[in-house]
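Here is start_39.txt, consisting of compact mmCIF, C-alpha atoms:
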```txt
# COMPACT_ATOMS: atom_id res chain seq x y z
CA GLY A 240 89.28 31.92 100.96
CA ILE A 241 92.53 33.85 101.20
CA PHE A 242 93.53 36.18 98.37
CA ILE A 243 97.13 37.32 97.82
CA SER A 244 97.79 40.30 95.56
CA GLN A 245 100.38 43.06 95.12
CA ARG A 246 98.08 45.59 93.52
CA LYS A 247 99.55 48.66 95.22
CA TYR A 248 103.09 47.54 94.37
CA ILE A 249 102.13 47.23 90.70
CA LEU A 250 100.40 50.61 90.60
CA ASP A 251 103.43 52.27 92.26
CA LEU A 252 105.73 50.55 89.75
CA LEU A 253 103.64 51.74 86.80
CA GLU A 254 103.60 55.28 88.18
CA GLU A 255 107.36 55.38 88.74
CA THR A 256 108.06 54.13 85.22
CA GLY A 257 105.54 56.47 83.61
CA MET A 258 103.44 53.55 82.37
CA LEU A 259 100.30 54.29 84.37
CA GLY A 260 98.57 55.67 81.27
CA CYS A 261 99.93 53.14 78.77
CA ARG A 262 97.82 50.97 76.52
CA PRO A 263 97.47 47.51 78.15
CA THR A 264 98.24 44.25 76.41
CA ASP A 265 96.60 40.86 76.94
CA SER A 266 99.74 38.70 77.42
CA PRO A 267 103.12 39.31 79.10
CA ILE A 268 105.27 38.09 76.20
CA GLU A 269 104.87 37.58 72.48
CA THR A 270 104.08 34.15 71.09
CA ASN A 271 107.15 32.59 69.43
CA HIS A 272 109.39 35.41 70.56
CA HIS A 273 113.00 35.38 69.33
CA LEU A 274 114.85 37.29 72.05
CA CYS A 275 118.59 36.76 71.95
CA SER A 276 121.72 38.52 73.15
CA GLY A 277 124.01 40.90 71.29
CA ILE A 278 121.50 42.31 68.77
CA GLY A 279 120.26 45.90 68.84
CA GLU A 280 121.31 49.10 70.56
CA LEU A 281 122.51 49.06 74.14
CA VAL A 282 120.35 50.52 76.91
CA GLU A 283 121.19 51.76 80.39
CA LYS A 284 122.19 48.64 82.34
CA GLU A 285 121.38 49.96 85.82
CA ARG A 286 117.86 51.01 84.83
CA TYR A 287 117.19 47.68 83.12
CA GLN A 288 118.46 45.68 86.08
CA ARG A 289 116.37 47.74 88.50
CA LEU A 290 113.20 47.15 86.49
CA VAL A 291 113.80 43.42 86.08
CA GLY A 292 114.67 43.09 89.77
CA ARG A 293 111.33 44.60 90.74
CA LEU A 294 109.54 42.26 88.35
CA ILE A 295 111.35 39.26 89.85
CA TYR A 296 110.03 40.28 93.28
CA LEU A 297 106.54 40.65 91.81
CA SER A 298 106.64 37.21 90.20
CA HIS A 299 106.49 35.64 93.69
CA THR A 300 102.74 36.33 93.69
CA ARG A 301 102.17 36.53 89.92
CA PRO A 302 102.87 33.13 88.30
CA ASP A 303 101.42 34.48 85.04
CA ILE A 304 104.56 36.60 84.48
CA ALA A 305 107.09 34.01 85.71
CA TYR A 306 108.12 32.85 82.24
CA ALA A 307 108.37 36.35 80.76
CA VAL A 308 110.42 37.61 83.72
CA GLY A 309 112.69 34.57 83.46
CA ILE A 310 113.38 35.40 79.82
CA VAL A 311 114.20 39.10 80.30
CA SER A 312 116.37 38.33 83.36
CA GLN A 313 118.75 36.35 81.14
CA PHE A 314 119.96 39.57 79.49
CA MET A 315 120.73 41.68 82.59
CA HIS A 316 124.47 41.63 81.83
CA ASP A 317 124.03 43.07 78.32
CA PRO A 318 120.54 44.60 77.85
CA ARG A 319 119.46 45.79 74.41
CA VAL A 320 116.49 47.74 73.10
CA THR A 321 114.54 44.58 72.22
CA HIS A 322 114.97 43.31 75.77
CA LEU A 323 113.74 46.59 77.24
CA ASP A 324 110.73 46.47 74.94
CA ALA A 325 109.94 43.01 76.34
CA VAL A 326 110.11 44.47 79.87
CA TYR A 327 107.73 47.25 78.86
CA ARG A 328 105.35 44.65 77.46
CA ILE A 329 105.25 42.97 80.87
CA LEU A 330 104.42 46.33 82.44
CA ARG A 331 101.67 46.87 79.88
CA TYR A 332 100.28 43.46 80.72
CA LEU A 333 100.31 44.32 84.42
CA LYS A 334 98.38 47.50 83.60
CA SER A 335 95.57 45.33 82.18
CA ALA A 336 94.98 43.61 85.56
CA PRO A 337 97.01 45.10 88.44
CA GLY A 338 94.77 43.47 91.04
CA LYS A 339 95.19 39.91 89.79
CA GLY A 340 96.43 37.46 92.41
CA ILE A 341 96.14 33.93 93.79
CA LEU A 342 93.03 32.70 95.57
CA PHE A 343 93.41 29.95 98.18
CA SER A 344 90.16 28.18 98.97
CA ASN A 345 88.96 24.93 100.53
CA HIS A 346 88.55 22.17 97.92
CA GLY A 347 87.81 19.40 100.41
CA HIS A 348 91.05 17.43 100.01
CA LEU A 349 94.78 17.67 100.64
CA ARG A 350 96.20 16.01 97.54
CA LEU A 351 99.73 16.82 96.40
CA GLU A 352 99.94 17.30 92.63
CA ALA A 353 102.44 18.79 90.21
CA PHE A 354 102.43 19.61 86.50
CA THR A 355 105.76 19.55 84.65
CA ASP A 356 106.65 20.68 81.15
CA ALA A 357 109.65 21.70 79.07
CA ASP A 358 110.19 23.78 75.96
CA TRP A 359 112.82 21.90 73.99
CA ALA A 360 115.80 24.01 72.81
CA GLY A 361 113.87 27.23 73.35
CA SER A 362 116.97 29.36 74.00
CA ILE A 363 118.30 30.80 70.73
CA ASP A 364 121.71 31.61 72.21
CA ALA A 365 122.55 28.27 73.87
CA ARG A 366 119.78 25.95 72.63
CA ARG A 367 118.98 24.99 76.18
CA SER A 368 115.46 23.99 77.18
CA THR A 369 113.24 25.73 79.68
CA SER A 370 111.81 23.68 82.55
CA GLY A 371 108.52 24.65 84.11
CA TYR A 372 106.52 23.16 86.93
CA CYS A 373 103.73 24.12 89.30
CA ALA A 374 102.69 22.28 92.46
CA PHE A 375 99.29 22.18 94.13
CA VAL A 376 98.34 21.35 97.73
CA GLY A 377 94.66 20.67 98.23
CA GLY A 378 93.87 22.08 94.80
CA ASN A 379 95.66 25.38 95.50
CA LEU A 380 98.76 26.58 93.68
CA VAL A 381 101.62 26.94 96.18
CA THR A 382 104.89 26.79 94.19
CA TRP A 383 105.92 27.33 90.60
CA ARG A 384 109.10 27.82 88.62
CA SER A 385 110.33 28.64 85.16
CA LYS A 386 114.06 28.14 84.62
CA LYS A 387 116.47 27.44 81.79
CA GLN A 388 118.08 24.02 82.12
CA GLY A 389 121.79 23.82 82.91
CA VAL A 390 122.71 21.56 79.98
CA VAL A 391 121.57 21.07 76.39
CA SER A 392 119.01 18.30 75.94
CA ARG A 393 119.38 16.13 72.85
CA SER A 394 115.68 15.29 72.59
CA SER A 395 112.34 16.63 73.76
CA ALA A 396 111.90 13.52 75.93
CA GLU A 397 115.16 14.27 77.71
CA ALA A 398 114.10 17.88 78.32
CA GLU A 399 110.74 16.72 79.67
CA TYR A 400 112.44 14.14 81.86
CA ARG A 401 114.69 16.73 83.48
CA ALA A 402 111.60 18.82 84.22
CA MET A 403 109.92 15.75 85.73
CA ALA A 404 112.90 15.29 88.07
CA HIS A 405 112.51 18.89 89.28
CA GLY A 406 108.79 18.37 89.80
CA THR A 407 109.42 15.19 91.79
CA CYS A 408 111.87 17.00 94.08
CA GLU A 409 109.32 19.77 94.62
CA LEU A 410 106.60 17.28 95.60
CA MET A 411 108.92 15.56 98.07
CA TRP A 412 109.85 18.91 99.61
CA LEU A 413 106.18 19.84 100.00
CA GLN A 414 105.44 16.46 101.59
CA SER A 415 108.27 17.01 104.08
CA LEU A 416 107.08 20.54 104.80
CA LEU A 417 103.52 19.38 105.48
CA SER A 418 104.85 16.63 107.75
CA ASP A 419 106.76 19.22 109.79
CA ILE A 420 103.55 21.12 110.52
CA GLY A 421 101.61 17.97 111.37
CA LEU A 422 99.84 17.32 108.06
CA ASP A 423 100.99 13.90 106.94
CA TRP A 424 100.11 12.80 103.40
CA SER A 425 100.43 9.02 103.07
CA GLY A 426 99.01 8.52 99.58
CA PRO A 427 101.02 8.75 96.34
CA MET A 428 101.66 12.21 94.94
CA THR A 429 100.57 12.76 91.35
CA LEU A 430 102.92 14.08 88.68
CA TYR A 431 101.29 15.16 85.42
CA CYS A 432 103.26 15.17 82.16
CA ASP A 433 102.17 15.54 78.53
CA ASN A 434 105.11 13.61 77.03
CA LYS A 435 104.42 9.87 76.67
CA ALA A 436 108.04 9.09 75.82
CA ALA A 437 109.26 10.59 79.11
CA ILE A 438 106.62 8.62 81.04
CA CYS A 439 107.65 5.40 79.29
CA ILE A 440 111.31 6.00 80.16
CA SER A 441 110.41 6.37 83.84
CA HIS A 442 108.61 3.00 83.85
CA ASN A 443 111.07 1.09 81.65
CA PRO A 444 113.92 -0.50 83.66
CA VAL A 445 115.92 -1.33 80.52
CA GLN A 446 118.98 0.83 79.87
CA HIS A 447 119.39 2.07 76.33
CA ASP A 448 121.22 4.80 74.47
CA ARG A 449 118.66 7.55 74.85
CA THR A 450 118.61 7.35 78.66
CA LYS A 451 122.27 6.88 79.61
CA HIS A 452 122.96 10.65 79.59
CA ILE A 453 120.13 11.22 82.11
CA GLU A 454 120.86 8.09 84.13
CA ILE A 455 120.91 9.78 87.56
CA ALA A 456 117.57 11.52 87.04
CA ARG A 457 116.14 8.30 85.62
CA HIS A 458 117.14 6.22 88.67
CA PHE A 459 115.88 8.92 91.01
CA ILE A 460 112.39 8.97 89.49
CA LYS A 461 112.30 5.17 89.11
CA GLU A 462 113.09 4.74 92.80
CA LYS A 463 110.22 7.03 93.83
CA LEU A 464 107.85 5.16 91.51
CA ASN A 465 108.82 1.77 92.94
CA LYS A 466 108.30 3.00 96.50
CA GLY A 467 104.88 4.39 95.63
CA VAL A 468 105.90 7.93 96.57
CA ILE A 469 104.70 9.34 93.24
CA CYS A 470 102.56 8.17 90.35
CA MET A 471 102.88 9.34 86.75
CA THR A 472 99.78 10.48 84.90
CA PHE A 473 99.55 11.55 81.26
CA VAL A 474 97.72 14.79 80.65
CA LYS A 475 96.71 16.27 77.31
CA SER A 476 98.62 19.31 76.10
CA GLU A 477 95.54 21.52 76.35
CA ASP A 478 95.23 20.58 80.04
CA GLN A 479 98.93 21.01 80.82
CA LEU A 480 99.00 23.88 83.35
CA ALA A 481 102.80 24.11 83.33
CA ASP A 482 102.80 25.30 79.70
CA VAL A 483 102.56 28.95 80.80
CA PHE A 484 105.97 28.54 82.50
CA THR A 485 107.78 27.32 79.38
CA LYS A 486 106.51 29.37 76.42
CA GLY A 487 104.46 32.36 75.35
CA PHE A 488 100.78 32.07 74.41
CA ASN A 489 98.07 34.23 72.92
CA SER A 490 95.25 35.44 75.14
CA LYS A 491 92.82 32.69 74.09
CA VAL A 492 95.08 30.04 75.61
CA PHE A 493 96.87 32.11 78.25
CA HIS A 494 93.91 33.45 80.25
CA PRO A 495 92.07 30.10 80.68
CA SER A 496 95.34 28.53 81.88
CA CYS A 497 95.85 31.31 84.44
CA CYS A 498 92.29 30.78 85.65
CA LYS A 499 92.99 27.05 86.14
CA LEU A 500 96.05 28.00 88.19
CA GLY A 501 93.71 29.74 90.64
CA MET A 502 94.44 33.31 89.59
CA ARG A 503 91.61 35.81 90.10
CA ASP A 504 91.10 39.56 90.00
CA ILE A 505 88.77 40.51 92.84
CA PHE A 506 89.20 44.18 91.95
CA ALA A 507 87.81 43.75 88.43
CA PRO A 508 84.34 45.26 87.86
CA THR A 509 81.56 42.67 87.80
```
So that I can check it, write out the structure of this file as C-alpha cells.
Amino acid sequence: GIFISQRKYILDLLEETGMLGCRPTDSPIETNHHLCSGIGELVEKERYQRLVGRLIYLSHTRPDIAYAVGIVSQFMHDPRVTHLDAVYRILRYLKSAPGKGILFSNHGHLRLEAFTDADWAGSIDARRSTSGYCAFVGGNLVTWRSKKQGVVSRSSAEAEYRAMAHGTCELMWLQSLLSDIGLDWSGPMTLYCDNKAAICISHNPVQHDRTKHIEIARHFIKEKLNKGVICMTFVKSEDQLADVFTKGFNSKVFHPSCCKLGMRDIFAPT
C-alpha cells in the first residue's frame, strides 16, 4: 500500500521545542478535560499561536490529534498556562509515536462510507457541541474533521443530526470528486450513526417541535434518503470511529480506534 507520515516534521518540531527528551504520554488529551478561557496565567501569545499553527498543519496527516488540536486552537486569542500544558501534552503524545501515519491499501471494493458523531454541549464556555466525522473510500480513511458547531444544540439528537448533515455533504463531495476522475459510484453511500433518535428523525416525515429548529438540515438529509443517495445505518458506540474526533479517551479505547482508522507506525520496532 501507500503510507503517509510526517515523521521528520515531528522530530524537528520536538527538537525545536526542546521536547525531544520528554516523557511520552499515551493519549493527546486528557479524558473529560475541562479547558476553558480566562482562567490561569497568561502565556506568550505569539509562541502559543506558532506551536498550535504547526500542530494544525500536522493534523492533516494525523487524525489521532485532530480533536486535541481543535480544542487548543480555540484559545489562540487568549492563551493561558492550562492551554499551553495541553499543547505540550500533544507534543508528548507525538513523542510516543512520531512515525505513525495513514496506510492506504487495496480492500477489494470502492464503497463510500462515513461515520458521524457529536459531543453534546462539550464546550464549557459556550455550551456548543463538537461535530466529528470521518469518511472512507474503499475502506481507506480519506477525510476527517473535528469542529465546534456554530449554534447551541438543545438536545443530543439535534447535535448528532447536525453532524449527520456534515457527513452527508462530505460523502456527496467525495462522490462528485470520484466522478470527476472517472470512478463513478452508483450504489448508496453508507452513513453510520450511534444515535437512534437522530436516525428516526431522518426517516420520520412528520414535523414536530423537536425538529423545527433543524428543519433545513432535516429536509436535506430526507431528500438524499428518498433519492437513495445515502442510507442510514446504526452502529454501536464501541464501533463508532468518529468518537475520537469529538472527545478524549484513555489509551485502552483510543489506540484500537486509531488502528481501525487505518493508522499504523511502520517505524515501530517489531
Per residue of segment 313-425 of chain A within 10 Å of segment 478-487 of chain A, record the nearest atom pair and its distance in Å to one decimal, counting only C-alpha atoms, with rows in chain order and ascending residue number, as a Markdown table.
```
| residue | atom | partner | partner_atom | distance |
| --- | --- | --- | --- | --- |
| A:Ala353 | CA | A:Ala481 | CA | 8.7 |
| A:Phe354 | CA | A:Ala481 | CA | 5.5 |
| A:Thr355 | CA | A:Ala481 | CA | 5.6 |
| A:Asp356 | CA | A:Ala481 | CA | 5.6 |
| A:Ala357 | CA | A:Thr485 | CA | 5.9 |
| A:Asp358 | CA | A:Thr485 | CA | 5.5 |
| A:Trp359 | CA | A:Thr485 | CA | 9.2 |
| A:Gly361 | CA | A:Lys486 | CA | 8.3 |
| A:Ser368 | CA | A:Thr485 | CA | 8.7 |
| A:Thr369 | CA | A:Thr485 | CA | 5.7 |
| A:Ser370 | CA | A:Thr485 | CA | 6.3 |
| A:Gly371 | CA | A:Phe484 | CA | 4.9 |
| A:Tyr372 | CA | A:Ala481 | CA | 5.3 |
| A:Cys373 | CA | A:Ala481 | CA | 6.0 |
| A:Ala374 | CA | A:Ala481 | CA | 9.3 |
| A:Trp383 | CA | A:Phe484 | CA | 8.2 |
| A:Arg384 | CA | A:Phe484 | CA | 6.9 |
| A:Ser385 | CA | A:Phe484 | CA | 5.1 |
| A:Lys386 | CA | A:Thr485 | CA | 8.2 |
| A:Lys387 | CA | A:Thr485 | CA | 9.0 |
```
Selection near Lys284 of chain A, 7 Å with only C-alpha atoms, sequence-local residues under 3 positions removed, as number ranges by chain
A: 287-288, 318
Restricting the calculation to all atoms listed in the file: of A:Leu500, A:Leu430, A:Leu333, A:Leu422, which residue gets closest to Met258 of chain A?
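Nearest to Met258 of chain A: A:Leu333.
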Taking the point (106.1, 43.0, 91.7) as given in the file, collect each protein or nucleic acid residue that comes within 7 Å of it, counting only C-alpha atoms, and present the set as a PyMOL selection string.
chain A and resi 245+248-249+293-298
Separation of atom CA of Thr264 of chain A and atom CA of Ser490 of chain A, in Å?
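Interatomic distance, atom CA of Thr264 of chain A to atom CA of Ser490 of chain A: 9.4 Å.
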Distance atom CA of Arg401 of chain A-atom CA of Asn379 of chain A, one decimal place?
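Distance reported for this atom pair: 24.1 Å.
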Which distance in Å separates atom CA of Val291 of chain A and atom CA of His272 of chain A, to one decimal?
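Answer for the atom CA of Val291 of chain A to atom CA of His272 of chain A separation: 18.0 Å.
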Considering all atoms listed in the file, state which residue in the set A:Phe375, A:Thr256, A:Leu274, A:Leu323 is at the smallest distance from Lys499 of chain A.
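Among the listed residues, the smallest separation from Lys499 of chain A belongs to A:Phe375.
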From the list A:Lys435, A:His316, A:Arg246, A:His405, the nearest residue to Gly338 of chain A using only C-alpha atoms is A:Arg246
Given the choices A:Met411, A:Ile329, A:Ala396, A:Ile460, which gets closest to Ser266 of chain A if the distance is worked out from all atoms listed in the file?
A:Ile329
Place a sphere of radius 8 Å on (119.6, 27.4, 76.5) in the file coordinates and name every protein, DNA or RNA residue with an atom inside or on its surface, counting all atoms listed in the file; give the answer as a VMD selection string.
chain A and resid 360 to 369 387 to 391
Go through segment 313-334 of chain A residue by residue and, counting all atoms listed in the file, keep those with an atom at most 12 Å from segment 301-307 of chain A; for each kept residue give the shortest atom pair and its distance in Å to one decimal, ordered by chain and increasing number, as JSON lines.
```
{"residue": "A:Gln313", "atom": "CA", "partner": "A:Ala307", "partner_atom": "CA", "distance": 10.4}
{"residue": "A:His322", "atom": "CA", "partner": "A:Ala307", "partner_atom": "CA", "distance": 10.8}
{"residue": "A:Asp324", "atom": "CA", "partner": "A:Ala307", "partner_atom": "CA", "distance": 11.9}
{"residue": "A:Ala325", "atom": "CA", "partner": "A:Ala307", "partner_atom": "CA", "distance": 8.1}
{"residue": "A:Val326", "atom": "CA", "partner": "A:Ala307", "partner_atom": "CA", "distance": 8.4}
{"residue": "A:Tyr327", "atom": "CA", "partner": "A:Ala307", "partner_atom": "CA", "distance": 11.1}
{"residue": "A:Arg328", "atom": "CA", "partner": "A:Ala307", "partner_atom": "CA", "distance": 9.4}
{"residue": "A:Ile329", "atom": "CA", "partner": "A:Ala307", "partner_atom": "CA", "distance": 7.3}
{"residue": "A:Leu330", "atom": "CA", "partner": "A:Ile304", "partner_atom": "CA", "distance": 9.9}
{"residue": "A:Arg331", "atom": "CA", "partner": "A:Ile304", "partner_atom": "CA", "distance": 11.6}
{"residue": "A:Tyr332", "atom": "CA", "partner": "A:Ile304", "partner_atom": "CA", "distance": 8.9}
{"residue": "A:Leu333", "atom": "CA", "partner": "A:Ile304", "partner_atom": "CA", "distance": 8.8}
```
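The smallest atom-to-atom distance between Ile440 of chain A and any of A:Leu417, A:Trp412, A:Lys466, A:Glu397, using all atoms listed in the file, is found for A:Glu397.
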So, counting all atoms listed in the file, which residue among A:Gly426, A:Ala437, A:Thr382, A:Lys334 is closest to Pro263 of chain A?
A:Lys334
